[in-house]
>>> print(open('upload_14.csv').read())   # CSV, C-alpha atoms
chain,number,residue,atom,x,y,z
U,1,MET,CA,138.9,-93.2,77.3
U,2,HIS,CA,135.7,-95.1,77.9
U,3,LYS,CA,135.0,-93.1,81.0
U,4,ILE,CA,135.5,-89.8,79.1
U,5,LYS,CA,133.1,-91.0,76.3
U,6,LEU,CA,130.6,-92.2,78.8
U,7,ALA,CA,130.7,-89.0,80.7
U,8,PHE,CA,130.2,-87.1,77.4
U,9,ILE,CA,127.2,-89.1,76.4
U,10,LEU,CA,125.6,-88.8,79.8
U,11,ALA,CA,126.2,-85.0,80.0
U,12,LEU,CA,124.8,-84.5,76.5
U,13,MET,CA,121.7,-86.6,77.2
U,14,LEU,CA,121.2,-84.8,80.4
U,15,ALA,CA,121.5,-81.4,78.6
U,16,ILE,CA,119.0,-82.5,75.9
U,17,SER,CA,116.6,-84.0,78.4
U,18,GLY,CA,116.4,-80.6,80.2
U,19,CYS,CA,114.4,-77.7,79.0
U,20,GLY,CA,115.1,-74.4,77.5
U,21,ASP,CA,115.6,-71.2,79.5
U,22,ASN,CA,112.3,-69.3,79.4
U,23,SER,CA,113.7,-66.3,81.1
U,24,ALA,CA,114.4,-63.0,79.4
U,25,PRO,CA,115.6,-59.6,80.5
U,26,ASN,CA,112.9,-57.6,82.2
U,27,ALA,CA,110.5,-60.5,81.9
U,28,PRO,CA,107.8,-60.8,84.6
U,29,PRO,CA,108.5,-63.3,87.4
U,30,GLN,CA,107.6,-66.9,86.5
U,31,LYS,CA,104.5,-68.2,88.2
U,32,SER,CA,105.1,-70.9,90.8
U,33,ALA,CA,104.0,-74.5,90.3
U,34,ALA,CA,101.1,-73.9,92.7
U,35,GLU,CA,99.9,-70.9,90.7
U,36,LEU,CA,100.0,-72.9,87.5
U,37,ALA,CA,98.1,-75.9,88.7
U,38,TYR,CA,94.6,-75.9,87.2
U,39,ILE,CA,91.5,-78.1,87.1
U,40,THR,CA,88.4,-76.6,85.4
U,41,ASP,CA,85.2,-76.1,87.4
U,42,ASP,CA,83.2,-78.2,84.9
U,43,SER,CA,85.5,-81.2,85.0
U,44,PRO,CA,83.4,-84.4,84.8
U,45,ILE,CA,85.4,-85.7,87.8
U,46,ALA,CA,85.2,-83.8,91.1
U,47,LYS,CA,88.1,-81.4,91.4
U,48,ALA,CA,89.3,-82.7,94.7
U,49,ARG,CA,89.2,-86.3,93.5
U,50,LEU,CA,91.1,-85.5,90.3
U,51,ASP,CA,93.6,-83.4,92.1
U,52,ALA,CA,94.2,-86.2,94.6
U,53,ALA,CA,94.9,-88.6,91.7
U,54,ILE,CA,97.2,-86.2,89.9
U,55,ALA,CA,99.2,-85.2,93.0
U,56,PRO,CA,101.2,-88.4,93.4
U,57,LEU,CA,102.8,-87.8,90.0
U,58,PHE,CA,104.5,-84.7,91.4
U,59,GLU,CA,104.7,-85.6,95.1
U,60,ASP,CA,105.4,-89.4,95.4
U,61,PRO,CA,109.1,-90.1,95.2
U,62,THR,CA,108.5,-93.3,93.4
U,63,MET,CA,107.1,-91.4,90.4
U,64,ALA,CA,109.8,-88.7,90.3
U,65,GLU,CA,110.2,-86.6,88.4
U,66,THR,CA,107.1,-85.3,86.6
U,67,ARG,CA,107.6,-81.9,85.0
U,68,ALA,CA,104.3,-81.5,83.2
U,69,PHE,CA,100.9,-83.2,83.2
U,70,LEU,CA,97.8,-82.3,81.1
U,71,VAL,CA,94.4,-83.8,80.6
U,72,MET,CA,92.2,-83.1,77.7
U,73,TYR,CA,88.6,-84.3,77.8
U,74,GLN,CA,86.2,-83.9,74.9
U,75,GLY,CA,88.8,-81.7,73.3
U,76,ARG,CA,89.2,-79.3,76.2
U,77,VAL,CA,92.1,-78.9,78.7
U,78,ILE,CA,90.4,-79.7,82.0
U,79,ALA,CA,93.5,-80.2,84.1
U,80,GLU,CA,97.1,-79.0,83.9
U,81,ARG,CA,100.0,-79.0,86.3
U,82,TYR,CA,103.7,-78.3,86.1
U,83,GLY,CA,106.8,-78.9,88.3
U,84,GLU,CA,108.8,-76.0,89.7
U,85,GLY,CA,110.6,-74.2,86.9
U,86,TYR,CA,108.3,-75.4,84.1
U,87,ASP,CA,105.2,-73.9,82.6
U,88,GLU,CA,102.9,-74.0,79.6
U,89,ASP,CA,105.6,-72.3,77.4
U,90,THR,CA,108.3,-74.8,78.2
U,91,ARG,CA,109.4,-77.1,75.4
U,92,PHE,CA,110.1,-80.6,76.4
U,93,ILE,CA,112.0,-83.2,74.5
U,94,SER,CA,110.0,-86.0,72.9
U,95,TRP,CA,112.5,-88.8,73.0
U,96,SER,CA,110.7,-91.8,71.4
U,97,MET,CA,107.3,-90.1,71.2
U,98,ALA,CA,108.8,-88.7,68.0
U,99,LYS,CA,108.5,-92.2,66.4
U,100,SER,CA,104.7,-91.8,66.3
U,101,PHE,CA,105.1,-88.4,64.6
U,102,THR,CA,107.3,-90.2,62.0
U,103,GLY,CA,104.6,-92.9,61.5
U,104,ALA,CA,102.1,-90.2,60.8
U,105,LEU,CA,104.4,-88.4,58.3
U,106,ILE,CA,104.9,-91.6,56.4
U,107,GLY,CA,101.2,-91.9,56.2
U,108,PHE,CA,100.9,-88.5,54.3
U,109,LEU,CA,103.3,-89.8,51.7
U,110,VAL,CA,101.5,-93.1,51.3
U,111,ALA,CA,98.2,-91.1,50.9
U,112,ASP,CA,99.9,-89.0,48.3
U,113,GLY,CA,100.8,-92.1,46.3
U,114,ARG,CA,104.5,-91.4,46.7
U,115,LEU,CA,105.2,-94.4,48.9
U,116,VAL,CA,103.6,-97.8,49.0
U,117,LEU,CA,103.2,-99.7,52.3
U,118,ASP,CA,104.1,-103.2,51.0
U,119,ASP,CA,106.7,-102.2,48.4
U,120,PRO,CA,110.4,-102.6,49.1
U,121,ALA,CA,111.6,-99.7,51.1
U,122,PRO,CA,113.2,-97.2,48.8
U,123,VAL,CA,116.7,-97.3,50.3
U,124,PRO,CA,119.4,-97.2,47.6
U,125,ALA,CA,122.0,-99.0,49.7
U,126,TRP,CA,119.7,-102.1,49.8
U,127,GLN,CA,119.0,-102.4,46.1
U,128,ARG,CA,122.0,-104.3,45.0
U,129,PRO,CA,121.2,-107.8,43.6
U,130,GLY,CA,121.2,-110.4,46.2
U,131,ASP,CA,121.0,-108.0,49.2
U,132,PRO,CA,118.4,-109.5,51.6
U,133,ARG,CA,117.6,-106.0,52.8
U,134,GLY,CA,116.0,-105.3,49.5
U,135,ASP,CA,113.0,-107.3,50.8
U,136,ILE,CA,112.3,-105.0,53.7
U,137,THR,CA,109.1,-103.0,53.2
U,138,LEU,CA,107.7,-99.9,54.8
U,139,ARG,CA,105.3,-102.1,56.8
U,140,HIS,CA,108.2,-104.0,58.2
U,141,LEU,CA,109.9,-100.8,59.3
U,142,LEU,CA,106.8,-99.3,60.8
U,143,HIS,CA,106.1,-102.5,62.7
U,144,MET,CA,109.8,-102.7,64.0
U,145,SER,CA,110.2,-106.0,62.2
U,146,SER,CA,112.8,-105.2,59.6
U,147,GLY,CA,115.1,-108.0,60.6
U,148,LEU,CA,118.1,-105.6,60.7
U,149,ASP,CA,120.7,-106.1,63.4
U,150,HIS,CA,119.8,-103.0,65.5
U,151,THR,CA,120.5,-102.9,69.3
U,152,GLU,CA,118.4,-100.2,71.0
U,153,VAL,CA,119.8,-100.5,74.5
U,154,ALA,CA,122.9,-102.4,75.7
U,155,GLY,CA,124.1,-102.7,79.3
U,156,GLU,CA,125.1,-99.8,81.4
U,157,ASP,CA,128.8,-100.6,82.0
U,158,GLU,CA,131.5,-98.8,80.2
U,159,LYS,CA,131.9,-101.5,77.6
U,160,THR,CA,128.4,-102.3,76.5
U,161,VAL,CA,127.0,-98.8,76.5
U,162,PHE,CA,128.9,-98.3,73.3
U,163,GLU,CA,127.4,-101.4,71.7
U,164,ALA,CA,124.0,-99.8,71.5
U,165,ASP,CA,123.3,-98.6,68.0
U,166,THR,CA,121.2,-95.7,69.4
U,167,ASN,CA,124.2,-94.3,71.3
U,168,ARG,CA,126.6,-94.8,68.5
U,169,MET,CA,124.2,-93.4,65.9
U,170,LEU,CA,123.0,-90.3,67.8
U,171,PHE,CA,126.1,-89.3,69.8
U,172,LEU,CA,129.3,-91.1,68.4
U,173,ASP,CA,130.5,-92.4,65.1
U,174,GLY,CA,127.1,-92.3,63.4
U,175,ALA,CA,126.1,-88.8,64.4
U,176,GLN,CA,127.2,-87.0,61.3
U,177,ASN,CA,124.9,-89.2,59.1
U,178,THR,CA,122.5,-91.2,61.2
U,179,ALA,CA,120.7,-92.7,58.3
U,180,ALA,CA,123.9,-94.1,56.7
U,181,TYR,CA,124.7,-95.7,60.0
U,182,ALA,CA,121.2,-97.2,60.4
U,183,GLU,CA,120.9,-98.4,56.9
U,184,ALA,CA,124.4,-100.1,56.8
U,185,ARG,CA,123.5,-102.6,59.5
U,186,PRO,CA,123.3,-106.2,58.4
U,187,MET,CA,120.3,-108.6,58.7
U,188,GLU,CA,119.8,-110.8,61.8
U,189,ALA,CA,116.4,-112.2,60.8
U,190,LYS,CA,114.1,-112.4,57.8
U,191,PRO,CA,112.0,-109.3,57.3
U,192,GLY,CA,108.7,-109.6,59.2
U,193,GLU,CA,110.0,-112.4,61.4
U,194,LYS,CA,111.2,-110.7,64.6
U,195,PHE,CA,110.1,-107.6,66.6
U,196,GLU,CA,113.1,-105.4,67.4
U,197,TYR,CA,112.3,-102.0,68.8
U,198,SER,CA,114.8,-99.6,67.3
U,199,THR,CA,115.4,-95.8,67.0
U,200,ALA,CA,117.6,-96.6,64.0
U,201,THR,CA,114.5,-98.0,62.2
U,202,SER,CA,112.7,-94.7,62.7
U,203,ILE,CA,115.8,-92.9,61.3
U,204,ILE,CA,115.6,-95.0,58.2
U,205,LEU,CA,112.0,-93.9,57.8
U,206,SER,CA,113.0,-90.3,58.3
U,207,ASP,CA,115.6,-90.7,55.6
U,208,ILE,CA,113.0,-92.2,53.3
U,209,ILE,CA,110.8,-89.1,53.9
U,210,ALA,CA,113.7,-86.7,52.9
U,211,ARG,CA,114.6,-88.7,49.7
U,212,THR,CA,110.9,-88.9,48.7
U,213,LEU,CA,110.6,-85.2,48.9
U,214,THR,CA,113.9,-84.3,47.2
U,215,GLU,CA,116.6,-85.8,45.1
U,216,SER,CA,119.2,-83.4,46.5
U,217,THR,CA,121.9,-84.7,48.7
U,218,ASP,CA,122.7,-81.3,50.0
U,219,PRO,CA,122.0,-81.4,53.8
U,220,GLN,CA,120.5,-77.9,53.9
U,221,VAL,CA,118.1,-78.7,51.1
U,222,ARG,CA,117.1,-82.0,52.7
U,223,ARG,CA,116.5,-80.2,56.0
U,224,ASP,CA,114.6,-77.4,54.5
U,225,VAL,CA,112.3,-79.5,52.3
U,226,THR,CA,111.6,-81.9,55.2
U,227,LEU,CA,110.9,-79.1,57.6
U,228,ARG,CA,108.5,-77.5,55.2
U,229,PHE,CA,106.7,-80.8,54.8
U,230,ILE,CA,106.4,-81.4,58.5
U,231,ARG,CA,105.2,-77.9,59.2
U,232,GLY,CA,102.8,-77.7,56.2
U,233,ARG,CA,101.2,-81.2,56.6
U,234,LEU,CA,101.2,-81.6,60.4
U,235,LEU,CA,102.3,-78.7,62.6
U,236,GLU,CA,100.5,-75.8,61.0
U,237,PRO,CA,97.2,-77.6,60.4
U,238,LEU,CA,97.2,-78.8,64.1
U,239,GLY,CA,98.2,-75.4,65.4
U,240,MET,CA,101.4,-76.8,67.0
U,241,ASP,CA,103.2,-73.5,66.9
U,242,SER,CA,105.8,-74.4,69.6
U,243,THR,CA,107.0,-77.6,68.0
U,244,TYR,CA,110.5,-77.9,66.6
U,245,PRO,CA,111.8,-81.0,64.9
U,246,GLU,CA,115.6,-81.6,65.1
U,247,PHE,CA,117.9,-82.7,62.3
U,248,ASP,CA,121.3,-84.3,62.0
U,249,PRO,CA,124.2,-82.7,60.1
U,250,ASN,CA,123.2,-84.6,56.9
U,251,GLY,CA,119.7,-83.0,57.0
U,252,THR,CA,117.9,-86.1,58.2
U,253,PHE,CA,115.0,-85.5,60.6
U,254,LEU,CA,115.8,-87.2,63.9
U,255,GLY,CA,112.4,-88.8,63.9
U,256,GLY,CA,113.2,-91.5,66.5
U,257,SER,CA,114.0,-89.1,69.3
U,258,PHE,CA,114.3,-85.4,68.9
U,259,ILE,CA,111.2,-83.2,68.8
U,260,GLN,CA,110.9,-80.2,71.2
U,261,ALA,CA,107.3,-79.1,72.1
U,262,THR,CA,105.1,-77.8,74.9
U,263,ALA,CA,102.8,-80.2,76.7
U,264,ARG,CA,99.8,-78.5,75.0
U,265,ASP,CA,101.3,-79.1,71.5
U,266,TYR,CA,101.9,-82.8,72.3
U,267,ALA,CA,98.2,-83.0,73.4
U,268,LYS,CA,97.2,-81.5,70.0
U,269,PHE,CA,99.0,-84.4,68.3
U,270,GLY,CA,97.2,-86.9,70.6
U,271,GLU,CA,93.8,-85.3,69.8
U,272,PHE,CA,94.6,-85.4,66.1
U,273,LEU,CA,95.0,-89.2,66.3
U,274,ARG,CA,92.0,-89.5,68.6
U,275,HIS,CA,90.0,-87.9,65.8
U,276,ASN,CA,91.5,-90.4,63.3
U,277,GLY,CA,93.6,-87.8,61.5
U,278,ALA,CA,91.1,-84.9,61.5
U,279,ARG,CA,91.0,-81.5,63.1
U,280,LYS,CA,88.1,-79.0,63.1
U,281,GLY,CA,86.2,-81.1,60.5
U,282,ALA,CA,89.1,-81.3,58.0
U,283,GLN,CA,90.5,-84.7,57.3
U,284,HIS,CA,94.3,-84.4,57.0
U,285,LEU,CA,95.5,-87.9,57.4
U,286,PRO,CA,93.4,-90.7,56.0
U,287,VAL,CA,91.3,-92.6,58.6
U,288,SER,CA,92.6,-95.9,57.1
U,289,TRP,CA,96.2,-94.8,57.9
U,290,VAL,CA,95.4,-94.0,61.5
U,291,LYS,CA,93.6,-97.4,61.7
U,292,PHE,CA,96.7,-99.1,60.4
U,293,MET,CA,98.8,-97.3,63.1
U,294,LYS,CA,96.4,-98.5,65.8
U,295,THR,CA,96.3,-102.1,64.6
U,296,SER,CA,98.5,-104.7,66.3
U,297,SER,CA,101.6,-105.9,64.4
U,298,ASN,CA,102.1,-109.6,63.8
U,299,ASN,CA,105.1,-109.8,66.2
U,300,ASP,CA,103.8,-107.8,69.2
U,301,PRO,CA,100.1,-107.2,70.0
U,302,ALA,CA,101.1,-104.0,72.0
U,303,TYR,CA,102.8,-102.4,69.0
U,304,GLY,CA,101.1,-101.0,65.9
U,305,GLY,CA,102.4,-98.7,63.2
U,306,HIS,CA,105.0,-96.8,65.2
U,307,ILE,CA,102.6,-96.5,68.2
U,308,TRP,CA,102.0,-98.4,71.4
U,309,LEU,CA,98.7,-100.2,72.2
U,310,ASN,CA,97.1,-101.0,75.5
U,311,LYS,CA,97.4,-104.8,75.0
U,312,LYS,CA,99.4,-107.5,76.7
U,313,ARG,CA,102.8,-108.3,75.3
U,314,PRO,CA,104.3,-111.7,74.7
U,315,GLU,CA,106.0,-113.3,77.8
U,316,GLY,CA,109.4,-111.9,78.6
U,317,ARG,CA,108.8,-108.4,77.2
U,318,ASN,CA,108.4,-105.4,79.4
U,319,PRO,CA,104.8,-104.4,79.9
U,320,VAL,CA,103.7,-101.0,78.5
U,321,LEU,CA,100.6,-99.0,79.5
U,322,PHE,CA,97.9,-100.8,81.6
U,323,PRO,CA,96.0,-103.5,79.6
U,324,ASP,CA,94.3,-104.7,82.8
U,325,ASN,CA,92.9,-101.2,83.6
U,326,GLY,CA,91.4,-99.6,80.6
U,327,PRO,CA,89.9,-100.2,77.1
U,328,ASP,CA,92.2,-102.0,74.7
U,329,THR,CA,91.6,-99.2,72.3
U,330,ILE,CA,93.9,-96.9,74.3
U,331,PHE,CA,97.1,-96.1,72.4
U,332,ALA,CA,100.1,-94.0,73.2
U,333,ALA,CA,103.3,-92.3,72.0
U,334,LEU,CA,105.9,-93.2,74.6
U,335,GLY,CA,109.4,-92.0,75.1
U,336,HIS,CA,112.6,-92.5,77.2
U,337,LEU,CA,112.3,-91.2,80.8
U,338,GLY,CA,108.6,-91.4,80.9
U,339,GLN,CA,107.4,-89.1,78.2
U,340,GLN,CA,103.8,-90.1,77.4
U,341,ILE,CA,100.9,-89.0,75.1
U,342,VAL,CA,98.1,-91.5,76.0
U,343,VAL,CA,94.9,-91.4,74.1
U,344,SER,CA,91.6,-93.2,74.9
U,345,PRO,CA,89.0,-92.7,72.1
U,346,GLU,CA,86.3,-94.5,74.1
U,347,GLN,CA,86.8,-92.0,77.0
U,348,GLN,CA,87.4,-89.0,74.8
U,349,LEU,CA,90.6,-88.5,76.6
U,350,THR,CA,94.2,-87.4,75.8
U,351,VAL,CA,96.7,-87.3,78.6
U,352,VAL,CA,100.2,-86.0,78.4
U,353,ARG,CA,102.9,-86.6,81.0
U,354,LEU,CA,106.4,-85.3,80.6
U,355,GLY,CA,109.4,-85.6,83.0
U,356,LYS,CA,112.5,-87.5,83.9
U,357,THR,CA,111.9,-90.9,85.4
U,358,GLN,CA,114.4,-93.7,84.9
U,359,ASP,CA,113.1,-96.3,82.5
U,360,ASP,CA,113.6,-99.2,85.0
U,361,VAL,CA,111.3,-97.6,87.6
U,362,LEU,CA,108.5,-96.4,85.3
U,363,ALA,CA,105.8,-98.8,86.5
U,364,PRO,CA,104.4,-96.8,89.4
U,365,MET,CA,104.0,-93.7,87.3
U,366,SER,CA,102.5,-95.5,84.4
U,367,ALA,CA,100.0,-97.3,86.7
U,368,GLN,CA,99.0,-93.9,88.2
U,369,ILE,CA,98.3,-92.6,84.7
U,370,GLY,CA,96.0,-95.6,84.3
U,371,ARG,CA,94.2,-94.9,87.5
U,372,ILE,CA,93.7,-91.3,86.5
U,373,MET,CA,92.2,-92.3,83.2
U,374,ALA,CA,90.0,-95.0,84.8
U,375,LEU,CA,88.2,-92.2,86.6
U,376,PHE,CA,86.6,-91.1,83.4
U,377,PRO,CA,83.6,-92.8,81.9
U,378,VAL,CA,83.7,-95.0,78.8
U,379,LYS,CA,81.6,-93.6,76.1
U,380,GLY,CA,78.5,-95.8,75.5
>>> encode(input="upload_14.csv", output="structure tokens")
Amino acid sequence: MHKIKLAFILALMLAISGCGDNSAPNAPPQKSAAELAYITDDSPIAKARLDAAIAPLFEDPTMAETRAFLVMYQGRVIAERYGEGYDEDTRFISWSMAKSFTGALIGFLVADGRLVLDDPAPVPAWQRPGDPRGDITLRHLLHMSSGLDHTEVAGEDEKTVFEADTNRMLFLDGAQNTAAYAEARPMEAKPGEKFEYSTATSIILSDIIARTLTESTDPQVRRDVTLRFIRGRLLEPLGMDSTYPEFDPNGTFLGGSFIQATARDYAKFGEFLRHNGARKGAQHLPVSWVKFMKTSSNNDPAYGGHIWLNKKRPEGRNPVLFPDNGPDTIFAALGHLGQQIVVSPEQQLTVVRLGKTQDDVLAPMSAQIGRIMALFPVKG
């Protein structure tokens, strides 16, 4: 039975981590990867040098498998490359990059006065007298410090793979109502006491978004209202026309894992945060909120408000980004299998890398991203 379930999960995750079929009857032949590779003539880095730095992402087996790579400098795409079978119209799964989108969406509701960062999180199941979960605030959730007993990743054997809340919530007994599963977990620490990276935490925030927007419990209403909000406040103002958020059967945005978008749309989100919540001179998300997202949380210097920071982590925690090779103002939305939107305000850079690299061998690829970014000057 375990083998059947495990095979099902792996097959489902493999299907989701793939990309849509871009073919159509009578469509023109797809361009090859070589034809799609592009570096602008006015790149600040010599084309040959930049090309040589990008090439290992696609050609070095230790970095396999990069499917898309894009560099924006001073707001312009100056380099773009795709693996065979992928192009500028391919939608790629976000995995945990979605968490940073969720962090921004919460910011809109705080700016609107509909949520308060340091008030108890408005989760009805936690409001019973004496329930310690009633002390959890939005800040705790955004900093991954709720104190809830969430297990993001368990072991890979047949027994422990089912102990991970992420797998159970997204693919097994919690899949019909992910928020109910996430919110039902007990406490294992006091709120604000412990860092515990958790997709379930982002699902709780997604549920808070839906319930702030509507009192309806009808799944279709919850989905429609949330989708209008995401499109109207984020996707349409940013011109992210290819982006599709996914929802569970209860109408909750799967804001910890499941957004589908092109590399160019992911870059637009990175640029939006690089400009502190503004686009084309219009301030959409308050500067103060983006500053909050980019400020280290108390329990992990490398994690802010649902976004990763280019800072060293406490001993014993896996390193992220490249704190020894780049400004500490670099921040990133990161996802399973090496999805990355890496932003460096001081270098006027946004870099997107999408692909399928196992999480335990990400270091060479991540280091190469750091080397590519280090080629660009730091703004004086």
>>> residues_near_point(input="upload_14.csv", point="(112.0, -80.1, 86.4)", cutoff="9 Å", atoms="all atoms listed in the file", output="ChimeraX atom specification")
/U:18-19,65-68,82-86,355-356
>>> closest_residue(input="upload_14.csv", among="U:Arg76, U:Arg317, U:Arg185, U:Arg233", to="Ser43 of chain U", atoms="only C-alpha atoms")
U:Arg76
>>> closest_residue(input="upload_14.csv", among="U:Gly370, U:Gly103, U:Gly335, U:Pro129", to="Pro323 of chain U", atoms="all atoms listed in the file")
U:Gly370
>>> residues_around(input="upload_14.csv", residues="His140 of chain U", least_positions_apart="2", cutoff="9 Å", atoms="all atoms listed in the file", output="PyMOL selection string")
chain U and resi 117-118+121+136-138+142-147+191-192
>>> write_last_selection(input="upload_14.csv", atoms="C-alpha atoms", output="tab-separated table (two decimals), in the frame of the given file")
chain	number	residue	atom	x	y	z
U	117	LEU	CA	103.20	-99.70	52.30
U	118	ASP	CA	104.10	-103.20	51.00
U	121	ALA	CA	111.60	-99.70	51.10
U	136	ILE	CA	112.30	-105.00	53.70
U	137	THR	CA	109.10	-103.00	53.20
U	138	LEU	CA	107.70	-99.90	54.80
U	142	LEU	CA	106.80	-99.30	60.80
U	143	HIS	CA	106.10	-102.50	62.70
U	144	MET	CA	109.80	-102.70	64.00
U	145	SER	CA	110.20	-106.00	62.20
U	146	SER	CA	112.80	-105.20	59.60
U	147	GLY	CA	115.10	-108.00	60.60
U	191	PRO	CA	112.00	-109.30	57.30
U	192	GLY	CA	108.70	-109.60	59.20
>>> closest_atom_pairs(input="upload_14.csv", of="segment 189-247 of chain U", to="segment 269-272 of chain U", cutoff="9 Å", atoms="only C-alpha atoms", output="JSON lines")
{"residue": "U:Leu234", "atom": "CA", "partner": "U:Phe269", "partner_atom": "CA", "distance": 8.7}
{"residue": "U:Leu235", "atom": "CA", "partner": "U:Phe269", "partner_atom": "CA", "distance": 8.7}
{"residue": "U:Leu238", "atom": "CA", "partner": "U:Phe269", "partner_atom": "CA", "distance": 7.2}
{"residue": "U:Met240", "atom": "CA", "partner": "U:Phe269", "partner_atom": "CA", "distance": 8.1}
>>> atom_distance(input="upload_14.csv", atom1="atom CA of Asp248 of chain U", atom2="atom CA of Leu148 of chain U")
21.6 Å
>>> residues_near_point(input="upload_14.csv", point="(103.4, -70.2, 86.8)", cutoff="9 Å", atoms="all atoms listed in the file", output="JSON, numbers by chain")
{"U": [29, 30, 31, 32, 33, 34, 35, 36, 37, 82, 84, 85, 86, 87, 88]}
>>> write_last_selection(input="upload_14.csv", atoms="C-alpha atoms", output="PDB file, in the coordinates of the input")
ATOM      1  CA  PRO U  29     108.500 -63.300  87.400  1.00  0.00           C
ATOM      2  CA  GLN U  30     107.600 -66.900  86.500  1.00  0.00           C
ATOM      3  CA  LYS U  31     104.500 -68.200  88.200  1.00  0.00           C
ATOM      4  CA  SER U  32     105.100 -70.900  90.800  1.00  0.00           C
ATOM      5  CA  ALA U  33     104.000 -74.500  90.300  1.00  0.00           C
ATOM      6  CA  ALA U  34     101.100 -73.900  92.700  1.00  0.00           C
ATOM      7  CA  GLU U  35      99.900 -70.900  90.700  1.00  0.00           C
ATOM      8  CA  LEU U  36     100.000 -72.900  87.500  1.00  0.00           C
ATOM      9  CA  ALA U  37      98.100 -75.900  88.700  1.00  0.00           C
ATOM     10  CA  TYR U  82     103.700 -78.300  86.100  1.00  0.00           C
ATOM     11  CA  GLU U  84     108.800 -76.000  89.700  1.00  0.00           C
ATOM     12  CA  GLY U  85     110.600 -74.200  86.900  1.00  0.00           C
ATOM     13  CA  TYR U  86     108.300 -75.400  84.100  1.00  0.00           C
ATOM     14  CA  ASP U  87     105.200 -73.900  82.600  1.00  0.00           C
ATOM     15  CA  GLU U  88     102.900 -74.000  79.600  1.00  0.00           C
TER      16      GLU U  88
END
>>> residues_around(input="upload_14.csv", residues="Ile369 of chain U", least_positions_apart="3", cutoff="10 Å", atoms="only C-alpha atoms", output="PyMOL selection string")
chain U and resi 53-54+57+69+321-322+340+342+351-353+363-366+372-374
>>> write_last_selection(input="upload_14.csv", atoms="C-alpha atoms", output="JSON list (two decimals), in the coordinates of the input")
[["chain", "number", "residue", "atom", "x", "y", "z"],
["U", 53, "ALA", "CA", 94.90, -88.60, 91.70],
["U", 54, "ILE", "CA", 97.20, -86.20, 89.90],
["U", 57, "LEU", "CA", 102.80, -87.80, 90.00],
["U", 69, "PHE", "CA", 100.90, -83.20, 83.20],
["U", 321, "LEU", "CA", 100.60, -99.00, 79.50],
["U", 322, "PHE", "CA", 97.90, -100.80, 81.60],
["U", 340, "GLN", "CA", 103.80, -90.10, 77.40],
["U", 342, "VAL", "CA", 98.10, -91.50, 76.00],
["U", 351, "VAL", "CA", 96.70, -87.30, 78.60],
["U", 352, "VAL", "CA", 100.20, -86.00, 78.40],
["U", 353, "ARG", "CA", 102.90, -86.60, 81.00],
["U", 363, "ALA", "CA", 105.80, -98.80, 86.50],
["U", 364, "PRO", "CA", 104.40, -96.80, 89.40],
["U", 365, "MET", "CA", 104.00, -93.70, 87.30],
["U", 366, "SER", "CA", 102.50, -95.50, 84.40],
["U", 372, "ILE", "CA", 93.70, -91.30, 86.50],
["U", 373, "MET", "CA", 92.20, -92.30, 83.20],
["U", 374, "ALA", "CA", 90.00, -95.00, 84.80]]
>>> closest_residue(input="upload_14.csv", among="U:Gln127, U:Gln176, U:Thr212, U:Gln339", to="Asp112 of chain U", atoms="all atoms listed in the file")
U:Thr212
>>> closest_residue(input="upload_14.csv", among="U:Asp42, U:Ile341, U:Val378, U:Ser297", to="Lys194 of chain U", atoms="only C-alpha atoms")
U:Ser297
